[in-house]
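Please read the structure below before turning to the comments.
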Amino acid sequence: MKHLTVDPAAALECHQEGHITQLEVLEAQWGVGSSPQRDDLKLLCEQNEEEVSPQLFTFHEVVSQLVEMEEQVLEDHRAVFQESIRWLEDEKVLLEMTEEVDYDVESYATQLEQILDQKIDILTELRDKVKSFRCSLQEEEQASKQITPKRPRAL
């Protein structure tokens, strides 16, 4: 499973101070960046500057980032699901161990604690990514309501 490399709180704090843009926060937090589709959109917007508002371009960039974020959440969810299957198998072995008359209680407790710590870490990370993704979805919804055309198109 892919681990975050940037503290999201620190990235958002920088964003609030005006040092970096929303897209830079997304790129730092999710490890997404420039893509051929995004570069093509930027070129198209530059060539049609009089028809495309800056809000529309930014909105399309955010949507592209959201698609990448969604793919990352799905990938991480699948990885956690697979890991959960392994955890169940490990826990089954542990529980079977307790059925022995003279099983090693210390070993049982140590192994269970390791499994629980791993579950907590991985599930917390996935939960944080999902919360961030949902927040970004809400921001995208607000941004979509603020889009205004630069000039009306002739029919």
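Residue numbering restarts at 1 for every chain of the structure tokens, chains are lettered A, B, ... in their displayed order, and ligands are numbered from 1 as they appear.
Using only C-alpha atoms, the contacts of Phe133 (chain A) at a cut-off of 10 Å, with sequence neighbours closer than 2 positions omitted, comprise A:Leu26, A:Trp30, A:Leu66, A:Met69, A:Glu70, A:Gln72, A:Val73, A:Arg127, A:Asp128, A:Lys129, A:Val130, A:Lys131, A:Cys135, A:Ser136, A:Leu137, A:Gln138, A:Glu139.
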With N, CA and C atoms retained, write the just-selected residues as a PDB file, in the first residue's frame.
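Heads up, here's the output in out08.pdb:
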```
ATOM      1  N   LEU A  26      -3.014  19.016  -3.395  1.00  0.00           N
ATOM      2  CA  LEU A  26      -3.433  17.710  -3.889  1.00  0.00           C
ATOM      3  C   LEU A  26      -2.247  16.920  -4.421  1.00  0.00           C
ATOM      4  N   TRP A  30      -1.287  13.500  -2.530  1.00  0.00           N
ATOM      5  CA  TRP A  30      -1.678  12.292  -3.240  1.00  0.00           C
ATOM      6  C   TRP A  30      -0.626  11.799  -4.219  1.00  0.00           C
ATOM      7  N   LEU A  66      -9.106  14.926  -9.036  1.00  0.00           N
ATOM      8  CA  LEU A  66     -10.057  14.088  -8.319  1.00  0.00           C
ATOM      9  C   LEU A  66     -10.124  12.681  -8.910  1.00  0.00           C
ATOM     10  N   MET A  69      -7.180  10.936  -7.609  1.00  0.00           N
ATOM     11  CA  MET A  69      -7.373  10.643  -6.191  1.00  0.00           C
ATOM     12  C   MET A  69      -8.318   9.449  -6.017  1.00  0.00           C
ATOM     13  N   GLU A  70      -9.377   9.437  -6.802  1.00  0.00           N
ATOM     14  CA  GLU A  70     -10.341   8.334  -6.732  1.00  0.00           C
ATOM     15  C   GLU A  70      -9.658   7.010  -7.057  1.00  0.00           C
ATOM     16  N   GLN A  72      -6.548   6.292  -6.665  1.00  0.00           N
ATOM     17  CA  GLN A  72      -5.659   5.954  -5.553  1.00  0.00           C
ATOM     18  C   GLN A  72      -6.448   5.386  -4.375  1.00  0.00           C
ATOM     19  N   VAL A  73      -7.608   5.972  -4.062  1.00  0.00           N
ATOM     20  CA  VAL A  73      -8.443   5.458  -2.968  1.00  0.00           C
ATOM     21  C   VAL A  73      -8.896   4.031  -3.285  1.00  0.00           C
ATOM     22  N   ARG A 127      -8.631   5.636   6.032  1.00  0.00           N
ATOM     23  CA  ARG A 127      -9.712   6.525   6.461  1.00  0.00           C
ATOM     24  C   ARG A 127      -9.340   7.986   6.213  1.00  0.00           C
ATOM     25  N   ASP A 128      -8.107   8.362   6.520  1.00  0.00           N
ATOM     26  CA  ASP A 128      -7.668   9.742   6.308  1.00  0.00           C
ATOM     27  C   ASP A 128      -7.692  10.115   4.829  1.00  0.00           C
ATOM     28  N   LYS A 129      -7.280   9.186   3.982  1.00  0.00           N
ATOM     29  CA  LYS A 129      -7.321   9.454   2.535  1.00  0.00           C
ATOM     30  C   LYS A 129      -8.764   9.618   2.052  1.00  0.00           C
ATOM     31  N   VAL A 130      -9.661   8.779   2.562  1.00  0.00           N
ATOM     32  CA  VAL A 130     -11.063   8.865   2.156  1.00  0.00           C
ATOM     33  C   VAL A 130     -11.663  10.190   2.634  1.00  0.00           C
ATOM     34  N   LYS A 131     -11.344  10.601   3.857  1.00  0.00           N
ATOM     35  CA  LYS A 131     -11.837  11.892   4.353  1.00  0.00           C
ATOM     36  C   LYS A 131     -11.327  13.033   3.483  1.00  0.00           C
ATOM     37  N   CYS A 135     -13.557  15.588   1.171  1.00  0.00           N
ATOM     38  CA  CYS A 135     -13.410  17.038   1.307  1.00  0.00           C
ATOM     39  C   CYS A 135     -13.136  17.660  -0.062  1.00  0.00           C
ATOM     40  N   SER A 136     -12.268  17.036  -0.834  1.00  0.00           N
ATOM     41  CA  SER A 136     -11.955  17.537  -2.175  1.00  0.00           C
ATOM     42  C   SER A 136     -13.175  17.475  -3.086  1.00  0.00           C
ATOM     43  N   LEU A 137     -13.985  16.443  -2.920  1.00  0.00           N
ATOM     44  CA  LEU A 137     -15.220  16.348  -3.710  1.00  0.00           C
ATOM     45  C   LEU A 137     -16.158  17.510  -3.382  1.00  0.00           C
ATOM     46  N   GLN A 138     -16.250  17.850  -2.113  1.00  0.00           N
ATOM     47  CA  GLN A 138     -17.104  18.971  -1.710  1.00  0.00           C
ATOM     48  C   GLN A 138     -16.563  20.290  -2.258  1.00  0.00           C
ATOM     49  N   GLU A 139     -15.235  20.456  -2.227  1.00  0.00           N
ATOM     50  CA  GLU A 139     -14.625  21.660  -2.778  1.00  0.00           C
ATOM     51  C   GLU A 139     -14.861  21.758  -4.279  1.00  0.00           C
TER      52      GLU A 139
END
```
If DSSP is run on the backbone, what residues of region 93-131 of chain A are helix (DSSP H, G or I)? A reply as a compact mmCIF listing (two decimals) with all heavy atoms, in the first residue's frame would be ideal.
```
# COMPACT_ATOMS: atom_id res chain seq x y z
N VAL A 93 -4.95 -18.68 12.96
CA VAL A 93 -3.82 -19.46 13.48
C VAL A 93 -3.61 -19.14 14.97
O VAL A 93 -3.39 -20.05 15.78
CB VAL A 93 -2.53 -19.18 12.67
CG1 VAL A 93 -1.31 -19.76 13.35
CG2 VAL A 93 -2.68 -19.72 11.25
N LEU A 94 -3.70 -17.87 15.32
CA LEU A 94 -3.54 -17.48 16.72
C LEU A 94 -4.62 -18.11 17.61
O LEU A 94 -4.32 -18.62 18.69
CB LEU A 94 -3.61 -15.96 16.87
CG LEU A 94 -2.34 -15.18 16.65
CD1 LEU A 94 -2.60 -13.68 16.83
CD2 LEU A 94 -1.24 -15.63 17.58
N LEU A 95 -5.85 -18.04 17.15
CA LEU A 95 -6.94 -18.62 17.94
C LEU A 95 -6.80 -20.14 18.07
O LEU A 95 -7.08 -20.70 19.13
CB LEU A 95 -8.30 -18.25 17.35
CG LEU A 95 -8.70 -16.79 17.54
CD1 LEU A 95 -9.95 -16.47 16.73
CD2 LEU A 95 -8.92 -16.49 19.02
N GLU A 96 -6.35 -20.76 17.00
CA GLU A 96 -6.13 -22.21 17.06
C GLU A 96 -5.01 -22.54 18.06
O GLU A 96 -5.07 -23.55 18.75
CB GLU A 96 -5.80 -22.76 15.67
CG GLU A 96 -6.99 -22.78 14.74
CD GLU A 96 -6.65 -23.12 13.30
OE1 GLU A 96 -5.44 -23.19 12.95
OE2 GLU A 96 -7.59 -23.30 12.51
N MET A 97 -4.02 -21.66 18.13
CA MET A 97 -2.92 -21.84 19.07
C MET A 97 -3.44 -21.86 20.51
O MET A 97 -2.95 -22.62 21.35
CB MET A 97 -1.90 -20.71 18.88
CG MET A 97 -0.70 -20.78 19.79
SD MET A 97 0.54 -19.52 19.39
CE MET A 97 -0.12 -18.13 20.28
N VAL A 105 1.27 -18.01 26.05
CA VAL A 105 0.39 -16.85 26.21
C VAL A 105 1.10 -15.57 25.79
O VAL A 105 0.52 -14.71 25.13
CB VAL A 105 -0.12 -16.73 27.67
CG1 VAL A 105 -0.97 -15.49 27.84
CG2 VAL A 105 -0.88 -17.97 28.07
N GLU A 106 2.38 -15.43 26.14
CA GLU A 106 3.14 -14.24 25.78
C GLU A 106 3.26 -14.10 24.26
O GLU A 106 3.08 -13.03 23.70
CB GLU A 106 4.53 -14.28 26.44
CG GLU A 106 5.39 -13.08 26.13
CD GLU A 106 4.82 -11.76 26.65
OE1 GLU A 106 4.16 -11.76 27.69
OE2 GLU A 106 5.05 -10.73 25.98
N SER A 107 3.54 -15.21 23.60
CA SER A 107 3.65 -15.19 22.14
C SER A 107 2.30 -14.83 21.51
O SER A 107 2.25 -14.03 20.56
CB SER A 107 4.11 -16.55 21.64
OG SER A 107 4.12 -16.57 20.24
N TYR A 108 1.24 -15.40 22.04
CA TYR A 108 -0.11 -15.09 21.55
C TYR A 108 -0.39 -13.59 21.67
O TYR A 108 -0.80 -12.95 20.71
CB TYR A 108 -1.15 -15.89 22.33
CG TYR A 108 -2.55 -15.35 22.18
CD1 TYR A 108 -3.31 -15.61 21.03
CD2 TYR A 108 -3.13 -14.56 23.18
CE1 TYR A 108 -4.58 -15.09 20.89
CE2 TYR A 108 -4.40 -14.04 23.04
CZ TYR A 108 -5.12 -14.30 21.90
OH TYR A 108 -6.38 -13.79 21.74
N ALA A 109 -0.15 -13.03 22.85
CA ALA A 109 -0.44 -11.62 23.09
C ALA A 109 0.43 -10.72 22.21
O ALA A 109 -0.05 -9.72 21.67
CB ALA A 109 -0.23 -11.29 24.57
N THR A 110 1.69 -11.07 22.06
CA THR A 110 2.60 -10.27 21.23
C THR A 110 2.15 -10.26 19.78
O THR A 110 2.10 -9.20 19.13
CB THR A 110 4.04 -10.81 21.34
OG1 THR A 110 4.45 -10.75 22.70
CG2 THR A 110 4.99 -10.02 20.48
N GLN A 111 1.83 -11.44 19.25
CA GLN A 111 1.41 -11.54 17.86
C GLN A 111 0.08 -10.82 17.62
O GLN A 111 -0.10 -10.14 16.59
CB GLN A 111 1.30 -13.00 17.45
CG GLN A 111 2.65 -13.70 17.34
CD GLN A 111 2.48 -15.16 16.98
OE1 GLN A 111 1.86 -15.49 15.96
NE2 GLN A 111 3.04 -16.05 17.81
N LEU A 112 -0.85 -10.96 18.57
CA LEU A 112 -2.14 -10.28 18.42
C LEU A 112 -1.96 -8.76 18.45
O LEU A 112 -2.55 -8.05 17.63
CB LEU A 112 -3.11 -10.71 19.52
CG LEU A 112 -4.51 -10.07 19.47
CD1 LEU A 112 -5.19 -10.33 18.13
CD2 LEU A 112 -5.35 -10.58 20.63
N GLU A 113 -1.10 -8.29 19.33
CA GLU A 113 -0.84 -6.86 19.40
C GLU A 113 -0.23 -6.34 18.10
O GLU A 113 -0.60 -5.26 17.61
CB GLU A 113 0.08 -6.55 20.57
CG GLU A 113 0.30 -5.06 20.78
CD GLU A 113 1.16 -4.76 22.00
OE1 GLU A 113 1.81 -5.67 22.55
OE2 GLU A 113 1.18 -3.58 22.40
N GLN A 114 0.68 -7.11 17.51
CA GLN A 114 1.29 -6.71 16.24
C GLN A 114 0.24 -6.61 15.13
O GLN A 114 0.24 -5.66 14.34
CB GLN A 114 2.39 -7.70 15.84
CG GLN A 114 3.62 -7.61 16.69
CD GLN A 114 4.62 -8.73 16.40
OE1 GLN A 114 4.29 -9.72 15.72
NE2 GLN A 114 5.82 -8.60 16.94
N ILE A 115 -0.64 -7.59 15.08
CA ILE A 115 -1.71 -7.58 14.08
C ILE A 115 -2.61 -6.37 14.28
O ILE A 115 -2.95 -5.65 13.33
CB ILE A 115 -2.53 -8.89 14.11
CG1 ILE A 115 -1.69 -10.07 13.63
CG2 ILE A 115 -3.81 -8.76 13.27
CD1 ILE A 115 -2.32 -11.44 13.87
N LEU A 116 -2.99 -6.11 15.52
CA LEU A 116 -3.88 -4.99 15.82
C LEU A 116 -3.22 -3.65 15.49
O LEU A 116 -3.87 -2.76 14.91
CB LEU A 116 -4.31 -5.02 17.29
CG LEU A 116 -5.21 -6.20 17.68
CD1 LEU A 116 -5.43 -6.23 19.19
CD2 LEU A 116 -6.52 -6.17 16.93
N ASP A 117 -1.93 -3.50 15.83
CA ASP A 117 -1.22 -2.26 15.49
C ASP A 117 -1.19 -2.04 13.98
O ASP A 117 -1.41 -0.92 13.50
CB ASP A 117 0.22 -2.29 16.04
CG ASP A 117 0.29 -2.10 17.54
OD1 ASP A 117 -0.71 -1.64 18.15
OD2 ASP A 117 1.35 -2.44 18.12
N GLN A 118 -0.93 -3.11 13.25
CA GLN A 118 -0.87 -3.02 11.79
C GLN A 118 -2.24 -2.63 11.23
O GLN A 118 -2.35 -1.77 10.36
CB GLN A 118 -0.40 -4.35 11.21
CG GLN A 118 -0.08 -4.29 9.74
CD GLN A 118 0.41 -5.62 9.22
OE1 GLN A 118 -0.16 -6.67 9.52
NE2 GLN A 118 1.49 -5.59 8.46
N LYS A 119 -3.30 -3.26 11.74
CA LYS A 119 -4.65 -2.93 11.29
C LYS A 119 -4.97 -1.46 11.54
O LYS A 119 -5.48 -0.77 10.66
CB LYS A 119 -5.69 -3.78 12.04
CG LYS A 119 -5.86 -5.18 11.55
CD LYS A 119 -6.95 -5.83 12.40
CE LYS A 119 -7.34 -7.17 11.89
NZ LYS A 119 -8.44 -7.76 12.68
N ILE A 120 -4.67 -1.01 12.75
CA ILE A 120 -4.98 0.37 13.12
C ILE A 120 -4.24 1.34 12.20
O ILE A 120 -4.84 2.30 11.69
CB ILE A 120 -4.64 0.63 14.60
CG1 ILE A 120 -5.64 -0.11 15.49
CG2 ILE A 120 -4.65 2.12 14.92
CD1 ILE A 120 -5.24 -0.19 16.95
N ASP A 121 -2.95 1.11 11.98
CA ASP A 121 -2.16 2.00 11.13
C ASP A 121 -2.71 2.06 9.71
O ASP A 121 -2.92 3.14 9.15
CB ASP A 121 -0.69 1.57 11.10
CG ASP A 121 0.03 1.78 12.41
OD1 ASP A 121 -0.50 2.52 13.28
OD2 ASP A 121 1.12 1.19 12.58
N ILE A 122 -2.93 0.90 9.12
CA ILE A 122 -3.36 0.84 7.73
C ILE A 122 -4.78 1.38 7.55
O ILE A 122 -5.05 2.15 6.63
CB ILE A 122 -3.21 -0.59 7.18
CG1 ILE A 122 -1.71 -0.91 7.04
CG2 ILE A 122 -3.92 -0.75 5.84
CD1 ILE A 122 -1.41 -2.34 6.66
N LEU A 123 -5.67 1.00 8.45
CA LEU A 123 -7.05 1.48 8.34
C LEU A 123 -7.15 2.98 8.62
O LEU A 123 -7.94 3.68 7.97
CB LEU A 123 -7.97 0.69 9.28
CG LEU A 123 -8.17 -0.78 8.88
CD1 LEU A 123 -8.94 -1.52 9.96
CD2 LEU A 123 -8.87 -0.90 7.54
N THR A 124 -6.35 3.48 9.54
CA THR A 124 -6.35 4.92 9.81
C THR A 124 -5.86 5.69 8.59
O THR A 124 -6.44 6.73 8.22
CB THR A 124 -5.46 5.24 11.04
OG1 THR A 124 -6.01 4.56 12.18
CG2 THR A 124 -5.40 6.73 11.31
N GLU A 125 -4.82 5.19 7.96
CA GLU A 125 -4.31 5.86 6.76
C GLU A 125 -5.35 5.88 5.65
O GLU A 125 -5.56 6.91 5.00
CB GLU A 125 -3.04 5.15 6.27
CG GLU A 125 -2.40 5.82 5.09
CD GLU A 125 -1.10 5.16 4.66
OE1 GLU A 125 -0.48 4.46 5.46
OE2 GLU A 125 -0.72 5.36 3.49
N LEU A 126 -6.03 4.75 5.43
CA LEU A 126 -7.07 4.70 4.41
C LEU A 126 -8.22 5.64 4.77
O LEU A 126 -8.72 6.38 3.91
CB LEU A 126 -7.58 3.27 4.22
CG LEU A 126 -8.70 3.10 3.18
CD1 LEU A 126 -8.24 3.55 1.79
CD2 LEU A 126 -9.18 1.66 3.15
N ARG A 127 -8.63 5.64 6.03
CA ARG A 127 -9.71 6.52 6.46
C ARG A 127 -9.34 7.99 6.21
O ARG A 127 -10.16 8.76 5.73
CB ARG A 127 -10.02 6.32 7.94
CG ARG A 127 -11.22 7.18 8.40
CD ARG A 127 -11.30 7.35 9.88
NE ARG A 127 -10.09 8.02 10.34
CZ ARG A 127 -9.60 7.89 11.56
NH1 ARG A 127 -10.18 7.12 12.44
NH2 ARG A 127 -8.50 8.53 11.90
N ASP A 128 -8.11 8.36 6.52
CA ASP A 128 -7.67 9.74 6.31
C ASP A 128 -7.69 10.12 4.83
O ASP A 128 -8.08 11.23 4.46
CB ASP A 128 -6.27 9.96 6.89
CG ASP A 128 -6.26 9.91 8.42
OD1 ASP A 128 -7.35 9.95 9.05
OD2 ASP A 128 -5.15 9.80 9.00
N LYS A 129 -7.28 9.19 3.98
CA LYS A 129 -7.32 9.45 2.53
C LYS A 129 -8.76 9.62 2.05
O LYS A 129 -9.05 10.49 1.24
CB LYS A 129 -6.65 8.33 1.75
CG LYS A 129 -5.19 8.54 1.54
CD LYS A 129 -4.65 7.62 0.47
CE LYS A 129 -3.22 8.00 0.17
NZ LYS A 129 -2.63 7.15 -0.85
N VAL A 130 -9.66 8.78 2.56
CA VAL A 130 -11.06 8.87 2.16
C VAL A 130 -11.66 10.19 2.63
O VAL A 130 -12.39 10.86 1.88
CB VAL A 130 -11.88 7.66 2.68
CG1 VAL A 130 -13.37 7.85 2.47
CG2 VAL A 130 -11.40 6.38 1.99
N LYS A 131 -11.34 10.60 3.86
CA LYS A 131 -11.84 11.89 4.35
C LYS A 131 -11.33 13.03 3.48
O LYS A 131 -12.08 13.94 3.13
CB LYS A 131 -11.38 12.11 5.80
CG LYS A 131 -12.19 11.37 6.82
CD LYS A 131 -11.70 11.72 8.22
CE LYS A 131 -12.55 11.08 9.28
NZ LYS A 131 -12.13 11.47 10.64
```
